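Student: Contents are PDB, C-alpha atoms; file name run09.pdb:
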```pdb
ATOM      1  CA  GLY A 544       0.609  14.279 -21.091  1.00  0.00           C
ATOM      2  CA  ASP A 545       1.967  14.091 -17.603  1.00  0.00           C
ATOM      3  CA  SER A 546       1.290  16.793 -15.069  1.00  0.00           C
ATOM      4  CA  THR A 547       2.429  17.602 -11.571  1.00  0.00           C
ATOM      5  CA  GLY A 548       1.202  19.562  -8.623  1.00  0.00           C
ATOM      6  CA  ALA A 549       2.149  19.887  -4.997  1.00  0.00           C
ATOM      7  CA  TYR A 550       0.452  19.028  -1.758  1.00  0.00           C
ATOM      8  CA  CYS A 551       1.083  20.012   1.823  1.00  0.00           C
ATOM      9  CA  PRO A 552       1.421  17.923   4.981  1.00  0.00           C
ATOM     10  CA  TRP A 553      -2.188  17.399   6.020  1.00  0.00           C
ATOM     11  CA  GLY A 554      -1.170  14.285   7.947  1.00  0.00           C
ATOM     12  CA  SER A 555       2.041  12.788   9.183  1.00  0.00           C
ATOM     13  CA  ARG A 556       1.649   9.468   7.340  1.00  0.00           C
ATOM     14  CA  THR A 557       1.250   8.522   3.702  1.00  0.00           C
ATOM     15  CA  ALA A 558      -1.061   5.851   2.267  1.00  0.00           C
ATOM     16  CA  SER A 559       1.898   3.446   2.463  1.00  0.00           C
ATOM     17  CA  GLY A 560       2.243   4.097   6.197  1.00  0.00           C
ATOM     18  CA  GLU A 561       5.549   5.959   5.871  1.00  0.00           C
ATOM     19  CA  ALA A 562       6.037   9.503   7.132  1.00  0.00           C
ATOM     20  CA  VAL A 563       5.835  12.380   4.674  1.00  0.00           C
ATOM     21  CA  ARG A 564       9.236  13.754   3.675  1.00  0.00           C
ATOM     22  CA  PRO A 565      10.981  15.338   0.691  1.00  0.00           C
ATOM     23  CA  GLY A 566      10.955  12.990  -2.281  1.00  0.00           C
ATOM     24  CA  VAL A 567       7.456  11.631  -1.568  1.00  0.00           C
ATOM     25  CA  ALA A 568       4.677  11.908  -4.132  1.00  0.00           C
ATOM     26  CA  ALA A 569       0.998  11.100  -4.312  1.00  0.00           C
ATOM     27  CA  CYS A 570       0.206   8.973  -7.358  1.00  0.00           C
ATOM     28  CA  TYR A 571      -2.580   6.871  -8.815  1.00  0.00           C
ATOM     29  CA  PRO A 572      -3.185   3.943  -6.388  1.00  0.00           C
ATOM     30  CA  ALA A 573      -1.876   1.343  -8.871  1.00  0.00           C
ATOM     31  CA  ARG A 574       1.489   3.174  -8.886  1.00  0.00           C
ATOM     32  CA  LEU A 575       1.949   3.015  -5.094  1.00  0.00           C
ATOM     33  CA  GLY A 576       5.565   2.059  -4.366  1.00  0.00           C
ATOM     34  CA  GLN A 577       6.899   3.056  -7.806  1.00  0.00           C
ATOM     35  CA  ASP A 578       9.793   5.465  -8.290  1.00  0.00           C
ATOM     36  CA  PHE A 579       9.995   8.102 -11.007  1.00  0.00           C
ATOM     37  CA  LEU A 580      12.235  10.871 -12.292  1.00  0.00           C
ATOM     38  CA  LEU A 581      10.969  14.401 -12.818  1.00  0.00           C
ATOM     39  CA  ALA A 582      12.930  17.597 -13.400  1.00  0.00           C
ATOM     40  CA  GLY A 583      16.184  15.732 -12.679  1.00  0.00           C
ATOM     41  CA  MET A 584      15.017  14.525  -9.269  1.00  0.00           C
ATOM     42  CA  GLU A 585      13.896  11.080  -8.086  1.00  0.00           C
ATOM     43  CA  PHE A 586      10.582  10.663  -6.264  1.00  0.00           C
ATOM     44  CA  GLN A 587       8.712   7.728  -4.772  1.00  0.00           C
ATOM     45  CA  CYS A 588       4.958   7.121  -4.905  1.00  0.00           C
ATOM     46  CA  LEU A 589       4.141   6.543  -1.251  1.00  0.00           C
ATOM     47  CA  ASP A 590       0.803   8.326  -1.158  1.00  0.00           C
ATOM     48  CA  THR A 591      -2.418   8.443  -3.154  1.00  0.00           C
ATOM     49  CA  GLY A 592      -5.087  11.056  -3.651  1.00  0.00           C
ATOM     50  CA  SER A 593      -8.599  11.275  -5.006  1.00  0.00           C
ATOM     51  CA  MET A 594      -7.554  13.979  -7.483  1.00  0.00           C
ATOM     52  CA  VAL A 595      -4.467  12.144  -8.793  1.00  0.00           C
ATOM     53  CA  GLY A 596      -5.061  10.458 -12.169  1.00  0.00           C
ATOM     54  CA  TRP A 597      -2.967   7.811 -13.933  1.00  0.00           C
ATOM     55  CA  GLY A 598      -0.516  10.230 -15.596  1.00  0.00           C
ATOM     56  CA  ASN A 599      -0.434  12.748 -12.759  1.00  0.00           C
ATOM     57  CA  VAL A 600       1.624  13.097  -9.592  1.00  0.00           C
ATOM     58  CA  ASP A 601       1.516  15.484  -6.649  1.00  0.00           C
ATOM     59  CA  ILE A 602       4.873  16.191  -5.013  1.00  0.00           C
ATOM     60  CA  TRP A 603       4.929  16.538  -1.232  1.00  0.00           C
ATOM     61  CA  CYS A 604       6.499  19.730   0.060  1.00  0.00           C
ATOM     62  CA  TYR A 605       6.673  21.497   3.367  1.00  0.00           C
ATOM     63  CA  SER A 606       4.906  24.767   3.947  1.00  0.00           C
ATOM     64  CA  ALA A 607       4.328  26.568   7.207  1.00  0.00           C
ATOM     65  CA  SER A 608       0.987  27.595   5.769  1.00  0.00           C
ATOM     66  CA  CYS A 609      -0.494  25.258   3.194  1.00  0.00           C
ATOM     67  CA  TRP A 610      -2.063  28.222   1.443  1.00  0.00           C
ATOM     68  CA  ASP A 611       1.081  30.217   0.645  1.00  0.00           C
ATOM     69  CA  GLU A 612       3.499  30.016  -2.248  1.00  0.00           C
ATOM     70  CA  ALA A 613       6.211  28.525  -0.029  1.00  0.00           C
ATOM     71  CA  CYS A 614       4.584  25.208  -0.867  1.00  0.00           C
ATOM     72  CA  THR A 615       6.528  25.250  -4.150  1.00  0.00           C
ATOM     73  CA  GLU A 616       9.778  24.667  -2.253  1.00  0.00           C
ATOM     74  CA  PRO A 617      11.466  22.180  -2.525  1.00  0.00           C
ATOM     75  CA  CYS A 618       9.230  21.282  -5.454  1.00  0.00           C
ATOM     76  CA  PRO A 619      10.880  22.536  -8.656  1.00  0.00           C
ATOM     77  CA  ALA A 620       8.439  20.438 -10.680  1.00  0.00           C
ATOM     78  CA  PHE A 621       5.402  22.192  -9.196  1.00  0.00           C
ATOM     79  CA  ASN A 622       2.786  22.998 -11.794  1.00  0.00           C
ATOM     80  CA  THR A 623       4.809  21.754 -14.754  1.00  0.00           C
ATOM     81  CA  TYR A 624       4.026  19.467 -17.629  1.00  0.00           C
ATOM     82  CA  GLU A 625       7.433  17.818 -17.870  1.00  0.00           C
ATOM     83  CA  GLU A 626       7.594  14.170 -18.831  1.00  0.00           C
ATOM     84  CA  ILE A 627       7.603  11.729 -15.945  1.00  0.00           C
ATOM     85  CA  THR A 628      10.039   8.835 -16.356  1.00  0.00           C
ATOM     86  CA  TRP A 629       8.727   5.818 -14.450  1.00  0.00           C
ATOM     87  CA  LEU A 630      11.566   3.637 -13.179  1.00  0.00           C
ATOM     88  CA  GLY A 631      11.297  -0.126 -13.474  1.00  0.00           C
ATOM     89  CA  GLU A 632       8.927  -0.127 -16.456  1.00  0.00           C
TER      90      GLU A 632
END
```
Mind converting the file's structure to structure tokens?
Tutor:
Amino acid sequence: GDSTGAYCPWGSRTASGEAVRPGVAACYPARLGQDFLLAGMEFQCLDTGSMVGWGNVDIWCYSASCWDEACTEPCPAFNTYEEITWLGE
């Protein structure tokens, strides 16, 4: 099934060249540029990651410290196994 996680702002730019911001996700490289729905919210695959598989996404979120639980905000889908609806497929 699908799975999600969260990642913190290690850099100011995504793999697509755009700045990180709410609504950005890291996805499998072949999905770069695709939009998807998760937990009633729309996200866009603008980043990639070595740990992100085909059916997985990591949602970008802000955290003052990337090691604290604040990283789950504003990421309601953090650590869930809800179905991802890929738009445009």
Student: Determine, counting all atoms listed in the file, every residue of protein, DNA or RNA that lies within 10 Å of (0.3, 2.7, -7.5) in the file coordinates, then give the result as a CSV table (one decimal) with C-alpha atoms, in the coordinates of the input.
Tutor:
```csv
chain,number,residue,atom,x,y,z
A,569,ALA,CA,1.0,11.1,-4.3
A,570,CYS,CA,0.2,9.0,-7.4
A,571,TYR,CA,-2.6,6.9,-8.8
A,572,PRO,CA,-3.2,3.9,-6.4
A,573,ALA,CA,-1.9,1.3,-8.9
A,574,ARG,CA,1.5,3.2,-8.9
A,575,LEU,CA,1.9,3.0,-5.1
A,576,GLY,CA,5.6,2.1,-4.4
A,577,GLN,CA,6.9,3.1,-7.8
A,578,ASP,CA,9.8,5.5,-8.3
A,588,CYS,CA,5.0,7.1,-4.9
A,589,LEU,CA,4.1,6.5,-1.3
A,590,ASP,CA,0.8,8.3,-1.2
A,591,THR,CA,-2.4,8.4,-3.2
A,597,TRP,CA,-3.0,7.8,-13.9
```
Student: So which one's closest to Phe586 in chain A, A:Gly560, A:Pro565, A:Gly598, A:Gly631? Using only C-alpha atoms, please.
Tutor: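 Ranking A:Gly560, A:Pro565, A:Gly598, A:Gly631 by distance to Phe586 in chain A, first place goes to A:Pro565.
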Student: Find the residue from A:Leu580, A:Ile627, A:Ala558, A:Val567 that sits nearest to Gly592 in chain A; use only C-alpha atoms when measuring.
Tutor: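 Using only C-alpha atoms, the shortest distance to Gly592 in chain A belongs to A:Ala558.
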Student: Suppose you want the space between CA of Arg556 in chain A and CA of Met584 in chain A; what is it in Å?
Tutor: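 Answer for the CA of Arg556 in chain A to CA of Met584 in chain A separation: 21.9 Å.
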Student: May I ask for the distance between CA of Glu632 in chain A and CA of Arg564 in chain A, given in Å to one decimal place?
Tutor: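 Taking CA of Glu632 in chain A as the start and CA of Arg564 in chain A as the end point, the length is 24.5 Å.
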Student: When you count all atoms listed in the file, which of these residues is closest to Val600 in chain A: A:Leu630, A:Ala582, A:Gln587, A:Ala568?
Tutor: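 Nearest to Val600 in chain A: A:Ala568.
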Student: Around all the atoms of range 581-598 of chain A listed in the file, with 3 Å of room on each side, what axis-aligned box do you get, giving centre and edge lengths in Å to one decimal, as AutoDock Vina command-line options?
Tutor:
```
--center_x 3.8 --center_y 12.1 --center_z -8.4 --size_x 30.8 --size_y 17.1 --size_z 20.4
```
Student: At what distance in Å, to one decimal, does CA of Gly566 in chain A lie from CA of Cys604 in chain A?
Tutor: 8.4 Å
Student: Which residue out of A:Leu581, A:Ala562, A:Ile602, A:Val595 has the minimum interatomic distance to Glu625 in chain A when all atoms listed in the file are used?
Tutor: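 With all atoms listed in the file as the atom set, the closest residue is A:Leu581.
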Student: Given only C-alpha atoms as the basis, pick out the residue of A:Thr557, A:Val563, A:Phe579, A:Trp603 nearest to Trp629 in chain A.
Tutor: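 Closest candidate: A:Phe579.
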